[in-house]
$ cat entry-v4.txt   # compact mmCIF, N, CA and C atoms
# COMPACT_ATOMS: atom_id res chain seq x y z
N MET Y 21 109.79 -61.51 -99.87
CA MET Y 21 109.31 -61.55 -101.22
C MET Y 21 107.79 -61.45 -101.26
N GLU Y 22 107.18 -62.19 -100.38
CA GLU Y 22 105.74 -62.19 -100.32
C GLU Y 22 105.21 -60.86 -99.79
N LYS Y 23 105.95 -60.23 -98.89
CA LYS Y 23 105.53 -58.95 -98.33
C LYS Y 23 105.60 -57.85 -99.39
N GLU Y 24 106.63 -57.91 -100.23
CA GLU Y 24 106.75 -56.91 -101.29
C GLU Y 24 105.59 -57.02 -102.28
N ALA Y 25 105.21 -58.24 -102.63
CA ALA Y 25 104.10 -58.46 -103.54
C ALA Y 25 102.80 -57.95 -102.92
N GLN Y 26 102.64 -58.19 -101.62
CA GLN Y 26 101.44 -57.71 -100.92
C GLN Y 26 101.41 -56.18 -100.91
N LYS Y 27 102.57 -55.54 -100.67
CA LYS Y 27 102.65 -54.08 -100.66
C LYS Y 27 102.29 -53.52 -102.04
N ARG Y 28 102.79 -54.17 -103.09
CA ARG Y 28 102.50 -53.69 -104.45
C ARG Y 28 101.01 -53.78 -104.75
N ARG Y 29 100.39 -54.90 -104.34
CA ARG Y 29 98.94 -55.06 -104.55
C ARG Y 29 98.18 -53.98 -103.81
N ASN Y 30 98.57 -53.72 -102.56
CA ASN Y 30 97.89 -52.70 -101.77
C ASN Y 30 98.08 -51.32 -102.40
N CYS Y 31 99.28 -51.05 -102.88
CA CYS Y 31 99.58 -49.77 -103.51
C CYS Y 31 98.75 -49.59 -104.79
N HIS Y 32 98.67 -50.65 -105.60
CA HIS Y 32 97.89 -50.59 -106.83
C HIS Y 32 96.41 -50.40 -106.53
N SER Y 33 95.90 -51.13 -105.55
CA SER Y 33 94.47 -51.00 -105.23
C SER Y 33 94.18 -49.62 -104.66
N ALA Y 34 95.11 -49.04 -103.87
CA ALA Y 34 94.92 -47.70 -103.32
C ALA Y 34 94.95 -46.67 -104.46
N ALA Y 35 95.84 -46.84 -105.42
CA ALA Y 35 95.92 -45.91 -106.55
C ALA Y 35 94.64 -45.99 -107.39
N LEU Y 36 94.15 -47.20 -107.62
CA LEU Y 36 92.90 -47.34 -108.37
C LEU Y 36 91.74 -46.72 -107.62
N GLY Y 37 91.72 -46.86 -106.30
CA GLY Y 37 90.66 -46.24 -105.50
C GLY Y 37 90.71 -44.72 -105.57
N VAL Y 38 91.91 -44.15 -105.53
CA VAL Y 38 92.05 -42.69 -105.60
C VAL Y 38 91.61 -42.20 -106.98
N ILE Y 39 92.03 -42.91 -108.03
CA ILE Y 39 91.67 -42.49 -109.39
C ILE Y 39 90.17 -42.57 -109.60
N SER Y 40 89.55 -43.65 -109.14
CA SER Y 40 88.09 -43.78 -109.31
C SER Y 40 87.36 -42.71 -108.50
N SER Y 41 87.88 -42.37 -107.31
CA SER Y 41 87.26 -41.32 -106.51
C SER Y 41 87.37 -39.97 -107.22
N LEU Y 42 88.52 -39.70 -107.82
CA LEU Y 42 88.70 -38.44 -108.55
C LEU Y 42 87.73 -38.36 -109.74
N PHE Y 43 87.58 -39.45 -110.47
CA PHE Y 43 86.62 -39.46 -111.57
C PHE Y 43 85.20 -39.24 -111.08
N SER Y 44 84.86 -39.82 -109.93
CA SER Y 44 83.52 -39.64 -109.38
C SER Y 44 83.28 -38.18 -109.01
N VAL Y 45 84.26 -37.57 -108.36
CA VAL Y 45 84.12 -36.17 -107.97
C VAL Y 45 84.03 -35.29 -109.23
N ALA Y 46 84.83 -35.59 -110.25
CA ALA Y 46 84.79 -34.81 -111.49
C ALA Y 46 83.44 -34.95 -112.18
N SER Y 47 82.86 -36.13 -112.18
CA SER Y 47 81.57 -36.32 -112.83
C SER Y 47 80.46 -35.59 -112.07
N VAL Y 48 80.52 -35.59 -110.74
CA VAL Y 48 79.52 -34.84 -109.96
C VAL Y 48 79.67 -33.35 -110.23
N ALA Y 49 80.90 -32.84 -110.29
CA ALA Y 49 81.12 -31.42 -110.57
C ALA Y 49 80.60 -31.07 -111.97
N PHE Y 50 80.82 -31.93 -112.92
CA PHE Y 50 80.34 -31.68 -114.29
C PHE Y 50 78.82 -31.67 -114.33
N CYS Y 51 78.16 -32.56 -113.59
CA CYS Y 51 76.70 -32.59 -113.53
C CYS Y 51 76.16 -31.29 -112.93
N VAL Y 52 76.81 -30.80 -111.88
CA VAL Y 52 76.38 -29.55 -111.26
C VAL Y 52 76.55 -28.40 -112.25
N PHE Y 53 77.67 -28.37 -112.95
CA PHE Y 53 77.92 -27.34 -113.96
C PHE Y 53 76.84 -27.36 -115.04
N LEU Y 54 76.50 -28.55 -115.54
CA LEU Y 54 75.47 -28.66 -116.57
C LEU Y 54 74.10 -28.23 -116.06
N SER Y 55 73.80 -28.53 -114.79
CA SER Y 55 72.50 -28.12 -114.26
C SER Y 55 72.41 -26.61 -114.17
N PHE Y 56 73.52 -25.92 -113.80
CA PHE Y 56 73.51 -24.46 -113.76
C PHE Y 56 73.33 -23.89 -115.16
N ASN Y 57 74.00 -24.47 -116.13
CA ASN Y 57 73.84 -24.00 -117.52
C ASN Y 57 72.41 -24.21 -118.01
N ALA Y 58 71.83 -25.36 -117.69
CA ALA Y 58 70.46 -25.63 -118.11
C ALA Y 58 69.49 -24.65 -117.46
N ALA Y 59 69.70 -24.31 -116.19
CA ALA Y 59 68.84 -23.35 -115.51
C ALA Y 59 68.96 -21.98 -116.16
N ASP Y 60 70.19 -21.59 -116.53
CA ASP Y 60 70.40 -20.31 -117.20
C ASP Y 60 69.70 -20.27 -118.55
N ILE Y 61 69.79 -21.34 -119.29
CA ILE Y 61 69.14 -21.41 -120.61
C ILE Y 61 67.63 -21.36 -120.44
N ARG Y 62 67.10 -22.07 -119.44
CA ARG Y 62 65.65 -22.03 -119.19
C ARG Y 62 65.19 -20.62 -118.87
N SER Y 63 65.96 -19.91 -118.06
CA SER Y 63 65.56 -18.55 -117.71
C SER Y 63 65.61 -17.64 -118.94
N ARG Y 64 66.58 -17.82 -119.82
CA ARG Y 64 66.64 -17.01 -121.04
C ARG Y 64 65.45 -17.30 -121.93
N VAL Y 65 65.08 -18.57 -122.06
CA VAL Y 65 63.93 -18.94 -122.89
C VAL Y 65 62.66 -18.34 -122.33
N VAL Y 66 62.49 -18.40 -121.01
CA VAL Y 66 61.29 -17.83 -120.38
C VAL Y 66 61.25 -16.32 -120.63
N ASP Y 67 62.41 -15.64 -120.51
CA ASP Y 67 62.45 -14.20 -120.76
C ASP Y 67 62.09 -13.88 -122.21
N LEU Y 68 62.61 -14.66 -123.14
CA LEU Y 68 62.30 -14.42 -124.55
C LEU Y 68 60.84 -14.69 -124.86
N GLU Y 69 60.29 -15.75 -124.29
CA GLU Y 69 58.90 -16.08 -124.55
C GLU Y 69 57.96 -15.06 -123.93
N SER Y 70 58.32 -14.54 -122.79
CA SER Y 70 57.45 -13.57 -122.13
C SER Y 70 57.56 -12.19 -122.77
N GLY Y 71 58.60 -11.95 -123.56
CA GLY Y 71 58.76 -10.67 -124.24
C GLY Y 71 59.36 -9.60 -123.37
N LYS Y 72 59.96 -9.97 -122.26
CA LYS Y 72 60.57 -8.98 -121.38
C LYS Y 72 61.77 -8.33 -122.04
N ARG Y 73 62.52 -9.10 -122.80
CA ARG Y 73 63.72 -8.57 -123.43
C ARG Y 73 63.43 -8.25 -124.89
N ASP Y 74 63.83 -7.07 -125.30
CA ASP Y 74 63.76 -6.72 -126.71
C ASP Y 74 65.14 -6.84 -127.33
N HIS Y 75 66.12 -7.16 -126.53
CA HIS Y 75 67.50 -7.24 -127.01
C HIS Y 75 67.89 -8.70 -127.11
N THR Y 76 68.74 -8.95 -128.12
CA THR Y 76 69.26 -10.30 -128.33
C THR Y 76 70.76 -10.27 -128.14
N PHE Y 77 71.23 -10.82 -127.05
CA PHE Y 77 72.66 -10.92 -126.75
C PHE Y 77 73.33 -9.54 -126.77
N GLY Y 78 72.70 -8.55 -126.19
CA GLY Y 78 73.30 -7.23 -126.07
C GLY Y 78 73.05 -6.32 -127.25
N HIS Y 79 72.35 -6.77 -128.28
CA HIS Y 79 72.04 -5.95 -129.45
C HIS Y 79 70.53 -5.89 -129.60
N SER Y 80 70.04 -4.83 -130.18
CA SER Y 80 68.61 -4.75 -130.46
C SER Y 80 68.29 -5.63 -131.66
N ALA Y 81 67.04 -5.89 -131.88
CA ALA Y 81 66.64 -6.76 -132.98
C ALA Y 81 67.01 -6.14 -134.33
N GLU Y 82 66.92 -4.82 -134.45
CA GLU Y 82 67.26 -4.16 -135.71
C GLU Y 82 68.76 -4.29 -136.00
N ASP Y 83 69.59 -4.10 -134.95
CA ASP Y 83 71.03 -4.25 -135.12
C ASP Y 83 71.38 -5.66 -135.55
N PHE Y 84 70.73 -6.61 -134.89
CA PHE Y 84 70.99 -8.01 -135.19
C PHE Y 84 70.61 -8.33 -136.63
N ASN Y 85 69.45 -7.84 -137.07
CA ASN Y 85 69.01 -8.10 -138.44
C ASN Y 85 69.93 -7.44 -139.46
N SER Y 86 70.40 -6.21 -139.17
CA SER Y 86 71.29 -5.54 -140.12
C SER Y 86 72.64 -6.26 -140.21
N LEU Y 87 73.15 -6.76 -139.07
CA LEU Y 87 74.40 -7.51 -139.08
C LEU Y 87 74.26 -8.79 -139.91
N ILE Y 88 73.16 -9.47 -139.73
CA ILE Y 88 72.91 -10.71 -140.48
C ILE Y 88 72.80 -10.40 -141.96
N GLN Y 89 72.08 -9.32 -142.30
CA GLN Y 89 71.92 -8.96 -143.71
C GLN Y 89 73.26 -8.60 -144.36
N GLN Y 90 74.12 -7.88 -143.63
CA GLN Y 90 75.43 -7.54 -144.17
C GLN Y 90 76.26 -8.79 -144.43
N ARG Y 91 76.23 -9.71 -143.49
CA ARG Y 91 77.01 -10.94 -143.64
C ARG Y 91 76.49 -11.78 -144.81
N VAL Y 92 75.18 -11.85 -144.96
CA VAL Y 92 74.60 -12.60 -146.08
C VAL Y 92 75.00 -11.97 -147.40
N ASP Y 93 74.97 -10.64 -147.47
CA ASP Y 93 75.38 -9.95 -148.70
C ASP Y 93 76.85 -10.23 -149.02
N GLU Y 94 77.71 -10.23 -148.00
CA GLU Y 94 79.13 -10.54 -148.22
C GLU Y 94 79.30 -11.94 -148.80
N LEU Y 95 78.62 -12.91 -148.19
CA LEU Y 95 78.75 -14.29 -148.64
C LEU Y 95 78.22 -14.46 -150.06
N LEU Y 96 77.11 -13.81 -150.37
CA LEU Y 96 76.56 -13.92 -151.72
C LEU Y 96 77.48 -13.29 -152.75
N SER Y 97 78.09 -12.16 -152.41
CA SER Y 97 78.98 -11.51 -153.37
C SER Y 97 80.24 -12.36 -153.59
N GLN Y 98 80.76 -12.99 -152.54
CA GLN Y 98 81.92 -13.85 -152.70
C GLN Y 98 81.58 -15.05 -153.56
N ARG Y 99 80.44 -15.64 -153.32
CA ARG Y 99 80.06 -16.84 -154.04
C ARG Y 99 79.80 -16.53 -155.52
N SER Y 100 79.23 -15.37 -155.81
CA SER Y 100 78.91 -15.07 -157.20
C SER Y 100 80.18 -14.88 -158.03
N TYR Y 101 81.26 -14.39 -157.45
CA TYR Y 101 82.51 -14.21 -158.20
C TYR Y 101 83.29 -15.50 -158.36
N GLU Y 102 83.02 -16.50 -157.53
CA GLU Y 102 83.77 -17.75 -157.62
C GLU Y 102 83.43 -18.51 -158.90
N ASN Y 103 82.18 -18.42 -159.36
CA ASN Y 103 81.73 -19.25 -160.48
C ASN Y 103 81.93 -18.58 -161.83
N TYR Y 104 82.41 -17.34 -161.88
CA TYR Y 104 82.64 -16.69 -163.15
C TYR Y 104 83.82 -17.33 -163.87
N VAL Y 105 83.73 -17.31 -165.19
CA VAL Y 105 84.83 -17.81 -166.02
C VAL Y 105 85.94 -16.76 -165.98
N LYS Y 106 87.14 -17.20 -165.93
CA LYS Y 106 88.26 -16.27 -165.91
C LYS Y 106 88.35 -15.54 -167.24
N ILE Y 107 88.59 -14.26 -167.19
CA ILE Y 107 88.65 -13.44 -168.39
C ILE Y 107 90.00 -13.63 -169.05
N ARG Y 108 89.98 -13.81 -170.37
CA ARG Y 108 91.24 -13.98 -171.11
C ARG Y 108 91.95 -12.64 -171.21
N THR Y 109 93.24 -12.72 -171.21
CA THR Y 109 94.03 -11.49 -171.37
C THR Y 109 94.16 -11.17 -172.85
N ALA Y 110 94.31 -9.91 -173.17
CA ALA Y 110 94.41 -9.47 -174.56
C ALA Y 110 95.74 -9.90 -175.15
N ARG Y 111 95.74 -10.13 -176.46
CA ARG Y 111 96.97 -10.50 -177.14
C ARG Y 111 97.88 -9.29 -177.25
N GLN Y 112 99.13 -9.56 -177.46
CA GLN Y 112 100.12 -8.51 -177.64
C GLN Y 112 100.10 -8.05 -179.10
N THR Y 113 99.15 -7.20 -179.46
CA THR Y 113 99.06 -6.69 -180.82
C THR Y 113 98.90 -5.18 -180.77
N SER Y 114 99.01 -4.60 -181.93
CA SER Y 114 98.83 -3.15 -182.00
C SER Y 114 97.34 -2.83 -181.88
N PRO Y 115 96.98 -1.63 -181.43
CA PRO Y 115 95.56 -1.30 -181.27
C PRO Y 115 94.79 -1.27 -182.59
N GLU Y 116 95.48 -1.11 -183.73
CA GLU Y 116 94.78 -1.04 -185.00
C GLU Y 116 94.33 -2.42 -185.48
N CYS Y 117 94.92 -3.46 -184.98
CA CYS Y 117 94.63 -4.82 -185.46
C CYS Y 117 93.33 -5.33 -184.83
N ASN Y 118 92.31 -5.57 -185.68
CA ASN Y 118 91.04 -6.12 -185.21
C ASN Y 118 90.78 -7.49 -185.80
N CYS Y 119 91.78 -8.07 -186.44
CA CYS Y 119 91.57 -9.35 -187.10
C CYS Y 119 91.54 -10.49 -186.08
N PRO Y 120 90.82 -11.55 -186.40
CA PRO Y 120 90.74 -12.70 -185.48
C PRO Y 120 92.06 -13.46 -185.47
N PRO Y 121 92.26 -14.31 -184.49
CA PRO Y 121 93.49 -15.09 -184.46
C PRO Y 121 93.56 -16.03 -185.66
N GLY Y 122 94.75 -16.52 -185.96
CA GLY Y 122 94.98 -17.38 -187.11
C GLY Y 122 94.37 -18.76 -186.92
N PRO Y 123 94.57 -19.61 -187.94
CA PRO Y 123 94.01 -20.96 -187.87
C PRO Y 123 94.70 -21.77 -186.77
N PRO Y 124 94.02 -22.78 -186.27
CA PRO Y 124 94.63 -23.59 -185.23
C PRO Y 124 95.83 -24.35 -185.77
N GLY Y 125 96.74 -24.72 -184.90
CA GLY Y 125 97.95 -25.44 -185.30
C GLY Y 125 97.68 -26.91 -185.51
N LYS Y 126 98.76 -27.67 -185.68
CA LYS Y 126 98.64 -29.11 -185.88
C LYS Y 126 98.09 -29.77 -184.63
N ARG Y 127 97.42 -30.88 -184.86
CA ARG Y 127 96.93 -31.65 -183.73
C ARG Y 127 98.10 -32.31 -183.04
N GLY Y 128 97.97 -32.50 -181.75
CA GLY Y 128 99.03 -33.14 -180.99
C GLY Y 128 99.02 -34.65 -181.15
N ARG Y 129 100.00 -35.28 -180.52
CA ARG Y 129 100.07 -36.74 -180.60
C ARG Y 129 98.90 -37.35 -179.84
N ARG Y 130 98.53 -38.53 -180.29
CA ARG Y 130 97.45 -39.25 -179.64
C ARG Y 130 97.94 -39.75 -178.29
N GLY Y 131 97.08 -39.68 -177.28
CA GLY Y 131 97.46 -40.13 -175.94
C GLY Y 131 97.42 -41.64 -175.81
N ARG Y 132 97.84 -42.08 -174.64
CA ARG Y 132 97.83 -43.52 -174.38
C ARG Y 132 96.40 -44.02 -174.23
N ASP Y 133 96.21 -45.30 -174.58
CA ASP Y 133 94.89 -45.91 -174.40
C ASP Y 133 94.62 -46.08 -172.91
N GLY Y 134 93.36 -45.96 -172.56
CA GLY Y 134 92.98 -46.13 -171.16
C GLY Y 134 92.89 -47.59 -170.78
N GLU Y 135 92.59 -47.82 -169.52
CA GLU Y 135 92.45 -49.20 -169.06
C GLU Y 135 91.14 -49.76 -169.61
N PRO Y 136 91.14 -51.02 -170.01
CA PRO Y 136 89.89 -51.59 -170.54
C PRO Y 136 88.85 -51.73 -169.42
N GLY Y 137 87.63 -51.49 -169.78
CA GLY Y 137 86.54 -51.59 -168.81
C GLY Y 137 86.02 -53.01 -168.71
N PRO Y 138 85.00 -53.20 -167.90
CA PRO Y 138 84.42 -54.55 -167.79
C PRO Y 138 83.70 -54.90 -169.08
N PRO Y 139 83.58 -56.19 -169.37
CA PRO Y 139 82.90 -56.59 -170.61
C PRO Y 139 81.43 -56.19 -170.55
N VAL Y 140 80.93 -55.73 -171.70
CA VAL Y 140 79.54 -55.30 -171.78
C VAL Y 140 78.72 -56.47 -172.27
N SER Y 141 77.70 -56.83 -171.52
CA SER Y 141 76.85 -57.93 -171.96
C SER Y 141 75.52 -57.35 -172.41
N MET Y 142 74.98 -57.90 -173.45
CA MET Y 142 73.70 -57.43 -173.97
C MET Y 142 72.59 -58.01 -173.10
N PRO Y 143 71.67 -57.17 -172.65
CA PRO Y 143 70.59 -57.71 -171.83
C PRO Y 143 69.66 -58.55 -172.69
N VAL Y 144 69.25 -59.67 -172.16
CA VAL Y 144 68.34 -60.57 -172.85
C VAL Y 144 66.93 -60.13 -172.51
N PRO Y 145 66.08 -59.83 -173.53
CA PRO Y 145 64.72 -59.38 -173.23
C PRO Y 145 63.91 -60.50 -172.60
N HIS Y 146 63.04 -60.10 -171.74
CA HIS Y 146 62.15 -61.06 -171.08
C HIS Y 146 61.12 -61.52 -172.10
N LEU Y 147 60.60 -62.70 -171.95
CA LEU Y 147 59.65 -63.24 -172.91
C LEU Y 147 58.41 -62.37 -173.02
N ALA Y 148 58.00 -61.73 -171.94
CA ALA Y 148 56.82 -60.88 -171.97
C ALA Y 148 57.06 -59.63 -172.80
N GLN Y 149 58.31 -59.24 -172.99
CA GLN Y 149 58.63 -58.05 -173.75
C GLN Y 149 58.67 -58.31 -175.26
N LEU Y 150 58.79 -59.57 -175.65
CA LEU Y 150 58.85 -59.90 -177.07
C LEU Y 150 57.47 -59.77 -177.70
N VAL Y 151 57.43 -59.18 -178.88
CA VAL Y 151 56.16 -59.02 -179.60
C VAL Y 151 56.04 -60.18 -180.58
N PRO Y 152 54.94 -60.88 -180.53
CA PRO Y 152 54.80 -62.01 -181.47
C PRO Y 152 54.66 -61.51 -182.90
N TYR Y 153 55.24 -62.24 -183.84
CA TYR Y 153 55.19 -61.89 -185.24
C TYR Y 153 53.94 -62.51 -185.84
N GLU Y 154 53.11 -61.67 -186.48
CA GLU Y 154 51.87 -62.17 -187.07
C GLU Y 154 51.94 -62.25 -188.58
N GLY Y 155 53.09 -62.07 -189.13
CA GLY Y 155 53.24 -62.17 -190.56
C GLY Y 155 52.95 -60.90 -191.30
N LYS Y 156 52.61 -59.83 -190.62
CA LYS Y 156 52.33 -58.55 -191.27
C LYS Y 156 53.52 -57.63 -191.08
N ILE Y 157 53.82 -56.86 -192.09
CA ILE Y 157 54.89 -55.90 -192.01
C ILE Y 157 54.28 -54.52 -191.87
N ALA Y 158 54.67 -53.81 -190.85
CA ALA Y 158 54.13 -52.47 -190.62
C ALA Y 158 54.77 -51.50 -191.58
N LYS Y 159 53.93 -50.63 -192.18
CA LYS Y 159 54.47 -49.64 -193.12
C LYS Y 159 54.44 -48.29 -192.51

$ encode --input "entry-v4.txt" --output "structure tokens"
Amino acid sequence: MEKEAQKRRNCHSAALGVISSLFSVASVAFCVFLSFNAADIRSRVVDLESGKRDHTFGHSAEDFNSLIQQRVDELLSQRSYENYVKIRTARQTSPECNCPPGPPGKRGRRGRDGEPGPPVSMPVPHLAQLVPYEGKIAK
């Protein structure tokens, strides 16, 4: 009984050691990956600052600007149509009829009362805000 408990403890500690070792190796690999990416980004920044490249991600600056301008125009045209009021459809009348619609119908039933709000208290003016009465009436 005692040997089985000892074996289980050893097995658990060995599994924890393997898992922690795997995490350590994964973190070192991730650090190496990030350092390579940082070096690549640094080299791109140096190239851009030095002016060696006239191209941005495989496109010339003019192509890039025209693509951006087209996309901006698309977005602006979509946005401008979203805020328009919907156009009413024409009534089913003959083309000769130019008269306005008839008078409005009866009013509908009154709706239910809403929930009562919090009680409104009147603010009490501060003494400095009160104007003393001097017995004169302003005209």

$ atom_distance --input "entry-v4.txt" --atom1 "CA of Ala81 (chain Y)" --atom2 "CA of Leu68 (chain Y)"
12.2 Å

$ atom_distance --input "entry-v4.txt" --atom1 "CA of Asp83 (chain Y)" --atom2 "CA of Ser63 (chain Y)"
23.2 Å

$ atom_distance --input "entry-v4.txt" --atom1 "atom N of Leu42 (chain Y)" --atom2 "CA of Asn30 (chain Y)"
17.1 Å
